[in-house]
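Student: Have a look at this one before I ask anything.
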Amino acid sequence: MVLLIACSMDLNAQSGTFYFMKGVPQAKDLNPAIQGLESGFYFSMPFISKLDISANTNNWSYKDLIHFGIGPEKDLLVWDFKNYISSLDKRNFIQESTSLTLLEFGWRKGSKFFSLSLSEKGSAELFFRKDLAEFIYNGNEPYMGTTFRTGNFGMSAQHYRQLAFTYSKSLNKKQKFGITGKLLFGMAAVRSKGINMASETLASGDGINLETNGTLFLSVPLDFQQIGDGYNFTTTNNFDAKKYLLQFGNPGFAVDLGFTSKISKKFELSLSIIDLGLLLWTNDLSTFSGKGSYFYHGINLNDPSLTGTPTKLLQPLVHTLRDEFISAFPPNKNSENFLTVLPVKLYAGGEYRLNRFFQVSGLARFGISNSLLHTSFTASVSTVLHKNLSLYTSYSMDESTWDNFGIGTAWKVGSFQFYAVTDNIFSPFHPESARNINLSAGINLIFLKKNRIEKRRTLYVPDIKTKYRRH
C-alpha cells in the first residue's frame with residue numbers, strides 16, 4: 001500500500017489538441033504525414049525545441065487517499081483508505097512520461113518534407129488490481145475458506161535516447177503519406193514480469209498457504225551482490241555520468257506511420273500509428289526471480305516451553321519464521337537480456353473547415369500498455385486570430401475522466417515561433433484532484449521562402465463589401 005500511495009502522489013498521453021496544430025512542425029510527432037511547414041526550413045532552439053510532460057491515472061488521484069478531515073480534523077490532512085479503495089477500478093494504473101528534444105531541424109522542398117531530431121525520453125508505469133489494495137487493507141479475514149489471487153501487478157520504467165528521421169510526401173493533391181524511422185539507445189530500465197501472489201486461508205483459521213511467482217529485470221549502473229542464501233544484498237554504485245550520457249548500447253528501433261486524405265475541400269481524414277518498436281537491454285543487467293509456496297501455521301504463544309519477556313519470547317519465533325520464508329521463496333539472481341516494448345498508440349482524426357478563420361476537429365486515440373487498452377476522445381475548435389497567431393480549444397474524454405478542457409496557442413514573431421498546448425488547463429491549479437496532466441511547449445526558428453510568403457499574403461483581400469476576391 002505504501003508503494004501505491006507514493007506513486008499516486010506523483011501523478012500518460014500526449015496532448016490530443018496538439019494533433020491539429022498543423023502550423024507547428026512538431027505536430028509530425030503525432031502524425032508524420034503532417035508537414036507543419038509551408039516552405040523553406042526550420043530549426044528548433046537547442047534544449048527548448050520541445051518539452052513534453054504527461055501523467056494520468058484511471059480516474060483516481062491522491063485526494064481520494066489524503067484530504068482534509070471534517071469536524072475537529074477540518075484543518076488536518078487525514079488518510080482515507082476506504083475512500084481510496086472505493087475510487088479504484090478492477091484494474092488500475094498510473095503512467096508518467098517525459099520527453100525533451102535536444103536538437104531538431106527540417107525543411108520542405110516542393111511536396112516533400114524532411115526532419116531530423118535527437119531526444120531524451122523517459123516513461124514509468126505502475127499497475128495493480130483493486131483486489132490487491134483490498135487485501136492489503138482488510139487482511140485475509142474476508143477470504144476465510146477461499147483462495148485469494150492478486151493477479152499480475154508490477155511496474156515498468158525506462159529512459160532512452162532517440163534519433164528520429166521523418167520523411168513525408170504528397171502522393172497527389174488530396175493525400176499525403178509520412179514515415180518516421182527511429183534509432184533508440186537505452187539508458188536504464190526496470191521491468192516486472194508475471195508478479196502475482198495467491199493466499200489460501202483455511203476455513204478453520206489454522207493456517208495460510210502462500211504462493212508467489214514473478215521476475216524483475218533491471219538494466220541500471222548498479223552491481224548487486226547476494227550475501228548468503230537470503231535477501232541480503234550489497235550494492236555497488238557503478239554510475240559514471242560521462243559514460244551514462246554517452247552510452248549508445250541497449251539498441252532498439254521504432255517506426256511511426258501517418259496518412260492524411262482530403263475527402264472534400266473542407267473535410268480531411270487522418271490516421272497514424274506511433275511508437276511501434278522495442279528496446280533490447282544488454283548492459284548492466286540484474287535479474288531477480290522467485291517461485292515457491294509456504295504453509296504458515298501461525299505462532300503458538302501458549303507453548304509451555306516458551307518463557308521470558310515478550311521480546312525474548314517472540315524473537316526466536318520471528319527468526320524461525322523468517323528462515324522458513326526465505327527457504328520457501330529463495331531469490332534467484334542472474335544476468336539475463338530482456339526486451340521492453342514501447343507503448344504503441346493509434347490516432348484517427350477528422351477536420352472540417354467552417355471558413356477561413358474557424359475549424360472543428362475530432363480525434364480518437366487508442367494505446368496499449370501492459371495488456372491494457374487506453375482510450376481518449378478529443379473535440380477541438382481552432383481559430384486564426386491573426387495571420388501569425390492561432391488559438392486552439394478542446395474538450396477530451398480521457399480514460400474514464402470527463403473534466404478535461406484544453407487550450408493551445410502558436411504565435412510567430414518574425415522567424416520565432418512559440419507554441420504551448422495542454423489537454424487539461426485546470427490540472428496545475430488543482431494537482432490534488434488531477435487525473436490527467438500534460439503539457440507540450442517549445443520554440444522554433446522558421447524561415448519561409450519569400451515567394452511563398454508573398455503568395456500567401458495576397459491570396460485573398462477583403463473589399464469594402466466584406467466579400468473576398470482573388471488577385
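Scheme for the C-alpha cells: letters A, B, ... for chains in order shown; per-chain residue numbers from 1; ligand numbers from 1 in order shown.
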Using only C-alpha atoms, determine which residues lie at most 10 Å from A:Leu385, disregarding the query and same-chain residues fewer than 4 positions distant; provide the list as a ChimeraX atom specification.
Tutor: /A:357-358,389-391
Student: What would the file look like if the residues just selected were written as a CSV table (one decimal), in the first residue's frame with C-alpha atoms?
Tutor:
chain,number,residue,atom,x,y,z
A,357,PHE,CA,-10.9,31.5,-39.6
A,358,PHE,CA,-12.5,28.5,-37.9
A,389,LEU,CA,-1.4,33.8,-34.1
A,390,SER,CA,-3.7,30.8,-33.7
A,391,LEU,CA,-5.7,29.6,-30.8
Student: When DSSP works through the backbone of this structure, what residues of stretch 82-123 of chain A end up as strand (DSSP E), shown as a ChimeraX atom specification?
Tutor: /A:91-109,112-123
Student: Could you please take those selected residues and save C-alpha atoms as a compact mmCIF listing (two decimals), in the first residue's frame?
Tutor:
# COMPACT_ATOMS: atom_id res chain seq x y z
CA ARG A 91 -7.62 -2.86 -12.99
CA ASN A 92 -5.67 0.28 -12.15
CA PHE A 93 -2.60 2.12 -13.31
CA ILE A 94 -0.65 5.33 -13.09
CA GLN A 95 1.53 6.41 -16.02
CA GLU A 96 4.11 9.15 -16.41
CA SER A 97 6.22 10.20 -19.38
CA THR A 98 8.63 13.00 -20.24
CA SER A 99 10.41 13.92 -23.45
CA LEU A 100 12.99 16.61 -24.11
CA THR A 101 14.08 17.31 -27.68
CA LEU A 102 17.73 18.38 -27.61
CA LEU A 103 18.04 19.33 -31.27
CA GLU A 104 15.72 19.37 -34.29
CA PHE A 105 15.65 20.80 -37.78
CA GLY A 106 13.75 20.17 -41.01
CA TRP A 107 12.90 21.53 -44.40
CA ARG A 108 10.28 21.29 -47.11
CA LYS A 109 11.07 21.11 -50.82
CA LYS A 112 8.43 16.59 -49.78
CA PHE A 113 9.24 17.21 -46.13
CA PHE A 114 12.29 16.07 -44.13
CA SER A 115 13.29 16.43 -40.49
CA LEU A 116 15.89 15.10 -38.05
CA SER A 117 15.71 15.22 -34.26
CA LEU A 118 17.56 14.00 -31.16
CA SER A 119 15.53 13.49 -27.96
CA GLU A 120 15.76 12.11 -24.44
CA LYS A 121 12.67 10.14 -23.39
CA GLY A 122 11.51 8.50 -20.20
CA SER A 123 8.38 6.73 -19.02
Student: Counting only C-alpha atoms, which residue out of A:Thr378, A:Thr260, A:Ser86, A:Ser433 sits closest to A:Lys169?
Tutor: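 For A:Lys169, the nearest of the candidates is A:Thr260.
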Student: Identify, on the basis of only C-alpha atoms, every residue whose closest approach to A:Asn337 does not exceed 12 Å; exclude the query and any residue fewer than 5 positions from it along the same chain; express the result as a PyMOL selection string.
Tutor: chain A and resi 189+191+216-219+250-251+279-287
Student: When you look at A:Tyr143 with a cut-off of 10 Å (counting only C-alpha atoms), what residues show up, excluding the ones that are within fewer than 3 positions of it in the same chain? I need them as a PyMOL selection string.
Tutor: chain A and resi 135+138-140+146-148+199-203
Student: Do you know which residues are at most 10 Å from A:Gln35 counting only C-alpha atoms, after dropping those on the same chain fewer than 3 positions away, and could you put them as a list in words?
Tutor: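 The neighbour list is Lys22, Gly23, Val24, Pro25, Gln26, Ala27, Lys28, Asn31, Pro32, Glu38, Ser39, Gly106, Trp107, Arg108, Ser111, Lys112, Phe113, Phe114, Ser115, Thr166, Tyr167, Ser168, Lys169, Ser170, Lys176, Phe177 and Gly178 of chain A.
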Student: Generate a file of the selected residues that holds C-alpha atoms, formatted as a compact mmCIF listing (two decimals), in the first residue's frame.
Tutor:
# COMPACT_ATOMS: atom_id res chain seq x y z
CA LYS A 22 -0.60 21.87 -38.28
CA GLY A 23 1.25 25.17 -38.34
CA VAL A 24 3.74 23.72 -35.84
CA PRO A 25 6.38 21.37 -37.33
CA GLN A 26 6.37 19.16 -34.20
CA ALA A 27 2.79 18.05 -34.99
CA LYS A 28 4.55 15.39 -37.11
CA ASN A 31 1.29 12.01 -37.45
CA PRO A 32 4.39 12.10 -39.71
CA GLU A 38 4.62 25.85 -45.85
CA SER A 39 8.07 26.10 -47.38
CA GLY A 106 13.75 20.17 -41.01
CA TRP A 107 12.90 21.53 -44.40
CA ARG A 108 10.28 21.29 -47.11
CA SER A 111 5.76 18.25 -51.93
CA LYS A 112 8.43 16.59 -49.78
CA PHE A 113 9.24 17.21 -46.13
CA PHE A 114 12.29 16.07 -44.13
CA SER A 115 13.29 16.43 -40.49
CA THR A 166 10.94 11.90 -40.78
CA TYR A 167 10.03 11.84 -44.45
CA SER A 168 6.64 12.75 -45.86
CA LYS A 169 5.35 13.32 -49.36
CA SER A 170 2.19 14.40 -51.11
CA LYS A 176 -0.10 12.63 -48.00
CA PHE A 177 1.97 9.84 -46.51
CA GLY A 178 4.67 10.09 -43.86
Student: What's around A:Gly252 at 12 Å? Count only C-alpha atoms, leave out sequence neighbours fewer than 3 positions away in its own chain, and write the answer as a list in words.
Tutor: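 Neighbouring residues, sequence-local ones excluded: Tyr160, Arg161, Gln162, Leu163, Gly181, Lys182, Leu183, Leu184, Phe185, Gly186, Met187, Phe248, Gly249, Val255, Asp275, Leu276, Gly277, Leu278, Leu279, Leu280, Trp281, Thr282, Phe338, Leu339, Thr340, Val341 and Leu342 of chain A.
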Student: So how far away is atom CA of A:Phe153 from atom CA of A:Tyr347, in Å?
Tutor: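 Atom CA of A:Tyr347 sits 27.9 Å away from atom CA of A:Phe153.
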Student: Quick one: everything within 6 Å of A:Leu363, counting only C-alpha atoms, minus sequence neighbours fewer than 3 positions away in the same chain. Send it as number ranges by chain.
Tutor: A: 348-349, 377-378
Student: Give the answer as one residue: which of A:Ser87, A:Thr234, A:Thr212, A:Ser15 has the shortest atom-to-atom distance to A:Asp29, using only C-alpha atoms?
Tutor: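 Between A:Ser87, A:Thr234, A:Thr212, A:Ser15, the residue approaching A:Asp29 most closely is A:Ser15.
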